[in-house]
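Visitor: Got a structure here, written out as structure tokens. Questions coming.
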Amino acid sequence: MSPLTFVTVVFEAEVPLLELQARSMARYLDPASVEEIIILDNSVLGLSGPSRRRLLREYGALRDRVRIVRTRELIDPGATGGWRSQQAAKLAIARRIRTPHYVVLDAKNHFTRAASAAEFVDLTGRAFGRSHPYTTHPLRESLVGTLTYLGADAHQTERAVAAFPPTATPFVFDTDTVRAVMDDIERRSGRTFPEEFERRKLLEFFLYAGWIETRGPGLAALRNNQSLPAPAVWPKAASVDGVRAAIAEHRREDAAVFAVHRQVLAAADPATLARIAEAWTTFGLFPDAASAGTFIRRFRRRYLPAIVWTRGMERVRRAVGHRKRAPRLTSPVVRSETPAI
């Protein structure tokens, strides 16, 4: 089993969650399964020195495998920005990855038990990941639009709407295929990949999977359609019952990864936050619920100032970008799995 590269995109408001992810990787991820950990830094001014030092401490024995890459090194800030630059960067980073596969995480994801590369790629070299229907899904229109852009016929589109990979993390990419996707798009469009990605308002996971189905070997060649469970507590379920349901799913699926969305930590009531703190303690990420509660309070103190700062700087950048005829920076479609900043 070849080692993997793990890639996480982060911006200002999610840095504490990335610290928690780092702690969980140090505790549970088999070092033999890790070639490199890449942090895609999408913050306005870049991670501060203290933030970098805290992160590296949390990675423990894995710290020497961590590389921080600014998204602007991959994506021209004049081409796209904000949430959309995060999407494009998840694909653009493939040109700097040495392993056959890489696993994209969000900062909200954290490991909860011992895990290795075998959780993500099977012995045949196919990625884990089960498809689900988009018949009534809010992103059905985006999926169909992406497939249309890629030249899918009616049968391919109908089959994809019936069952297609989710737009949620963890998501396993075949590195060479991602490079082929970007090369093909640049060749056909005559634009750089980030420019075409923004111009067409594409979504990274749909683009990758759709290209495989329409112009590549087909999803069955690269994905085994077996579960890669990663239960999450989403804002729409920010309640004690919602947390209990996510934990029950985690237990039922024997998941190695769990997630708590930043908006849940920012807005949930005390009882819900206490249930999350209890879960994190059970997962072994904190010595006790009091320590987990302290982490949540620290996150909440920093969250609103970070959001205000980020939005303010994005507005300034948009104003400057418009004078340079930069494209719009946000997508008209916000996917439920990864809400916009």
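By convention in this document, the chains of the structure tokens carry letters A, B, ... by their order, each chain's residues are numbered from 1, and ligands are numbered from 1 in the order they are shown.
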Do a neighbour search on Asp64 of chain A at 10 Å with only C-alpha atoms, toss out local chain neighbours closer than 6 positions, and write the hits as a ChimeraX atom specification.
Guide: /A:36-37,56
Visitor: Save out the residues we just selected, C-alpha atoms, as a PDB file, in the first residue's frame.
Guide:
ATOM      1  CA  GLU A  36       3.306  14.462   3.097  1.00  0.00           C
ATOM      2  CA  ILE A  37       0.719  16.728   4.690  1.00  0.00           C
ATOM      3  CA  LEU A  56       3.484  22.064  13.877  1.00  0.00           C
TER       4      LEU A  56
END
Visitor: Quick one: residues within 10 Å of Tyr28 of chain A, only C-alpha atoms counted, chain neighbours fewer than 5 positions away excluded, as a VMD selection string?
Guide: chain A and resid 23 110 to 116 256 284 to 285
Visitor: So, counting only C-alpha atoms, which residue among A:Pro50, A:Pro138, A:Pro165, A:Pro194 is closest to Thr71 of chain A?
Guide: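 The closest residue to Thr71 of chain A is A:Pro194.
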Visitor: Let me make sure I understand: among A:Val103, A:Phe197, A:Asn225, A:Arg95, which one has the smallest atom-to-atom distance to Arg126 of chain A if we use only C-alpha atoms?
Guide: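 Counting only C-alpha atoms, the residue closest to Arg126 of chain A is A:Asn225.
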Visitor: For Ala61 of chain A, please output as number ranges by chain all residues within 12 Å (counting only C-alpha atoms; exclusion window: fewer than 5 positions along the same chain).
Guide: A: 22-32, 34, 56, 66
Visitor: Let me see the file: selected residues, N, CA and C atoms, as a compact mmCIF listing (two decimals), in the first residue's frame.
Guide:
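Dumped to selection.txt:
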# COMPACT_ATOMS: atom_id res chain seq x y z
N ALA A 22 -4.80 18.38 13.19
CA ALA A 22 -3.39 18.01 13.33
C ALA A 22 -3.18 17.10 14.53
N ARG A 23 -3.80 17.44 15.65
CA ARG A 23 -3.69 16.61 16.86
C ARG A 23 -4.22 15.21 16.58
N SER A 24 -5.34 15.12 15.88
CA SER A 24 -5.94 13.82 15.60
C SER A 24 -5.06 13.00 14.64
N MET A 25 -4.42 13.65 13.69
CA MET A 25 -3.53 12.93 12.77
C MET A 25 -2.31 12.41 13.51
N ALA A 26 -1.78 13.21 14.41
CA ALA A 26 -0.62 12.77 15.18
C ALA A 26 -0.97 11.57 16.05
N ARG A 27 -2.19 11.56 16.56
CA ARG A 27 -2.60 10.48 17.47
C ARG A 27 -2.98 9.20 16.73
N TYR A 28 -3.64 9.33 15.60
CA TYR A 28 -4.28 8.16 15.00
C TYR A 28 -3.78 7.74 13.61
N LEU A 29 -3.13 8.60 12.88
CA LEU A 29 -2.76 8.26 11.51
C LEU A 29 -1.43 7.52 11.47
N ASP A 30 -1.41 6.38 10.83
CA ASP A 30 -0.20 5.56 10.71
C ASP A 30 0.87 6.35 9.95
N PRO A 31 2.02 6.63 10.58
CA PRO A 31 3.06 7.41 9.90
C PRO A 31 3.53 6.78 8.59
N ALA A 32 3.48 5.45 8.50
CA ALA A 32 3.91 4.78 7.27
C ALA A 32 2.97 5.07 6.11
N VAL A 34 1.76 8.10 5.51
CA VAL A 34 1.81 9.54 5.23
C VAL A 34 3.11 9.90 4.53
N LEU A 56 2.41 23.05 13.96
CA LEU A 56 3.48 22.06 13.88
C LEU A 56 3.62 21.27 15.17
N VAL A 66 5.04 18.12 7.05
CA VAL A 66 4.06 19.18 6.79
C VAL A 66 4.66 20.24 5.88
Visitor: Could you find all residues in segment 79-274 of chain A that DSSP calls helix (DSSP H, G or I) from the backbone, and write them as an mmCIF file with C-alpha atoms, in the first residue's frame?
Guide:
data_model
loop_
_atom_site.group_PDB
_atom_site.id
_atom_site.type_symbol
_atom_site.label_atom_id
_atom_site.label_comp_id
_atom_site.auth_asym_id
_atom_site.auth_seq_id
_atom_site.Cartn_x
_atom_site.Cartn_y
_atom_site.Cartn_z
ATOM 1 C CA GLY A 82 -12.294 33.213 -1.502
ATOM 2 C CA TRP A 83 -14.275 29.994 -1.475
ATOM 3 C CA ARG A 84 -13.764 29.366 -5.173
ATOM 4 C CA SER A 85 -9.989 29.644 -4.899
ATOM 5 C CA GLN A 86 -10.147 26.922 -2.234
ATOM 6 C CA GLN A 87 -11.929 24.649 -4.694
ATOM 7 C CA ALA A 88 -9.536 25.271 -7.570
ATOM 8 C CA ALA A 89 -6.493 24.879 -5.311
ATOM 9 C CA LYS A 90 -7.573 21.360 -4.312
ATOM 10 C CA LEU A 91 -7.045 20.340 -7.924
ATOM 11 C CA ALA A 92 -4.135 22.631 -8.805
ATOM 12 C CA ILE A 93 -2.022 21.183 -5.991
ATOM 13 C CA ALA A 94 -1.875 17.869 -7.922
ATOM 14 C CA ARG A 95 0.963 19.314 -9.993
ATOM 15 C CA ARG A 96 3.095 19.391 -6.823
ATOM 16 C CA ALA A 117 -3.900 4.373 3.790
ATOM 17 C CA ALA A 118 -6.110 1.282 3.618
ATOM 18 C CA GLU A 119 -9.039 3.456 4.748
ATOM 19 C CA ARG A 140 -28.452 18.618 -9.172
ATOM 20 C CA GLU A 141 -28.374 21.672 -11.457
ATOM 21 C CA SER A 142 -24.658 22.175 -10.823
ATOM 22 C CA LEU A 143 -23.959 18.525 -11.567
ATOM 23 C CA VAL A 144 -25.898 18.639 -14.823
ATOM 24 C CA GLY A 145 -24.204 21.908 -15.784
ATOM 25 C CA THR A 146 -20.760 20.428 -15.190
ATOM 26 C CA LEU A 147 -21.579 17.342 -17.222
ATOM 27 C CA THR A 148 -22.942 19.499 -20.039
ATOM 28 C CA TYR A 149 -19.722 21.502 -20.019
ATOM 29 C CA ALA A 154 -28.214 12.270 -22.168
ATOM 30 C CA HIS A 155 -27.522 8.736 -20.975
ATOM 31 C CA GLN A 156 -24.380 9.744 -19.084
ATOM 32 C CA THR A 157 -26.214 12.634 -17.445
ATOM 33 C CA GLU A 158 -29.184 10.482 -16.442
ATOM 34 C CA ARG A 159 -26.882 7.847 -14.973
ATOM 35 C CA ALA A 160 -24.904 10.489 -13.016
ATOM 36 C CA VAL A 161 -28.039 12.049 -11.541
ATOM 37 C CA ALA A 162 -29.055 8.588 -10.352
ATOM 38 C CA THR A 175 -3.086 12.440 -8.875
ATOM 39 C CA ASP A 176 -2.310 11.700 -12.519
ATOM 40 C CA THR A 177 -5.987 11.957 -13.411
ATOM 41 C CA VAL A 178 -6.303 15.395 -11.811
ATOM 42 C CA ARG A 179 -3.330 16.563 -13.867
ATOM 43 C CA ALA A 180 -4.963 15.141 -16.996
ATOM 44 C CA VAL A 181 -8.193 16.999 -16.169
ATOM 45 C CA MET A 182 -6.392 20.325 -15.857
ATOM 46 C CA ASP A 183 -4.259 19.772 -18.974
ATOM 47 C CA ASP A 184 -7.346 18.875 -21.003
ATOM 48 C CA ILE A 185 -9.303 21.898 -19.826
ATOM 49 C CA GLU A 186 -6.419 24.256 -20.561
ATOM 50 C CA ARG A 187 -5.889 22.762 -23.996
ATOM 51 C CA ARG A 188 -9.558 22.904 -24.949
ATOM 52 C CA SER A 189 -10.345 26.316 -23.475
ATOM 53 C CA PHE A 193 -7.116 26.144 -15.416
ATOM 54 C CA PRO A 194 -8.035 28.663 -12.644
ATOM 55 C CA GLU A 195 -9.403 31.122 -15.230
ATOM 56 C CA GLU A 196 -11.594 28.522 -16.893
ATOM 57 C CA PHE A 197 -12.651 27.082 -13.523
ATOM 58 C CA GLU A 198 -13.895 30.493 -12.417
ATOM 59 C CA ARG A 199 -15.387 31.495 -15.762
ATOM 60 C CA GLU A 204 -13.981 20.636 -8.018
ATOM 61 C CA PHE A 205 -15.453 17.238 -7.114
ATOM 62 C CA PHE A 206 -18.043 17.291 -9.905
ATOM 63 C CA LEU A 207 -15.411 18.356 -12.425
ATOM 64 C CA TYR A 208 -13.032 15.549 -11.453
ATOM 65 C CA ALA A 209 -15.633 12.784 -11.360
ATOM 66 C CA GLY A 210 -17.473 14.123 -14.405
ATOM 67 C CA TRP A 211 -14.290 14.213 -16.482
ATOM 68 C CA ILE A 212 -13.528 10.608 -15.529
ATOM 69 C CA GLU A 213 -16.993 9.546 -16.684
ATOM 70 C CA THR A 214 -17.071 11.545 -19.925
ATOM 71 C CA LEU A 219 -15.528 5.980 -12.335
ATOM 72 C CA ALA A 220 -15.538 2.207 -11.833
ATOM 73 C CA ALA A 221 -11.888 2.106 -12.933
ATOM 74 C CA LEU A 222 -10.764 4.541 -10.218
ATOM 75 C CA PRO A 235 -25.397 23.825 10.849
ATOM 76 C CA LYS A 236 -28.880 22.563 9.943
ATOM 77 C CA ALA A 237 -28.469 19.885 12.645
ATOM 78 C CA VAL A 240 -28.223 17.886 20.844
ATOM 79 C CA ASP A 241 -30.266 15.500 18.716
ATOM 80 C CA GLY A 242 -28.201 16.388 15.648
ATOM 81 C CA VAL A 243 -24.938 15.645 17.465
ATOM 82 C CA ARG A 244 -26.333 12.393 18.818
ATOM 83 C CA ALA A 245 -27.397 11.336 15.335
ATOM 84 C CA ALA A 246 -23.940 12.057 13.904
ATOM 85 C CA ILE A 247 -22.267 10.147 16.732
ATOM 86 C CA ALA A 248 -24.632 7.200 16.239
ATOM 87 C CA GLU A 249 -23.751 7.139 12.544
ATOM 88 C CA HIS A 250 -20.062 7.322 13.442
ATOM 89 C CA ARG A 251 -20.411 4.306 15.726
ATOM 90 C CA ARG A 252 -22.580 2.349 13.289
ATOM 91 C CA GLU A 253 -20.185 2.882 10.358
ATOM 92 C CA ARG A 262 -17.373 25.826 12.171
ATOM 93 C CA GLN A 263 -20.828 27.437 12.173
ATOM 94 C CA VAL A 264 -22.036 24.829 14.659
ATOM 95 C CA LEU A 265 -19.288 25.761 17.109
ATOM 96 C CA ALA A 266 -19.997 29.443 16.558
ATOM 97 C CA ALA A 267 -23.761 29.385 17.046
ATOM 98 C CA PRO A 270 -24.516 25.328 25.464
ATOM 99 C CA ALA A 271 -26.099 21.868 25.654
ATOM 100 C CA THR A 272 -25.104 21.089 22.069
ATOM 101 C CA LEU A 273 -21.566 22.353 22.611
ATOM 102 C CA ALA A 274 -21.285 20.253 25.767
#
Visitor: Please return as JSON, numbers by chain: the residues of segment 90-299 of chain A that backbone DSSP assigns to strand (DSSP E).
Guide: {"A": [101, 102, 103, 104, 105, 106, 109, 110, 111, 171, 172, 173, 174, 232, 233, 257, 258, 259, 260]}
Visitor: For Val104 of chain A, which residue out of A:Gly129, A:Pro170, A:Ala163, A:Asn42 is the nearest one, using only C-alpha atoms?
Guide: A:Pro170
Visitor: So, counting only C-alpha atoms, which residue among A:Leu55, A:Ala107, A:Leu62, A:Leu228 is closest to Ser131 of chain A?
Guide: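 When distances to Ser131 of chain A are compared using only C-alpha atoms, the smallest one comes from A:Leu228.
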Visitor: What lies within 9 Å of Glu12 of chain A using only C-alpha atoms, ignoring chain neighbours under 4 positions off, as a count of residues only?
Guide: 12
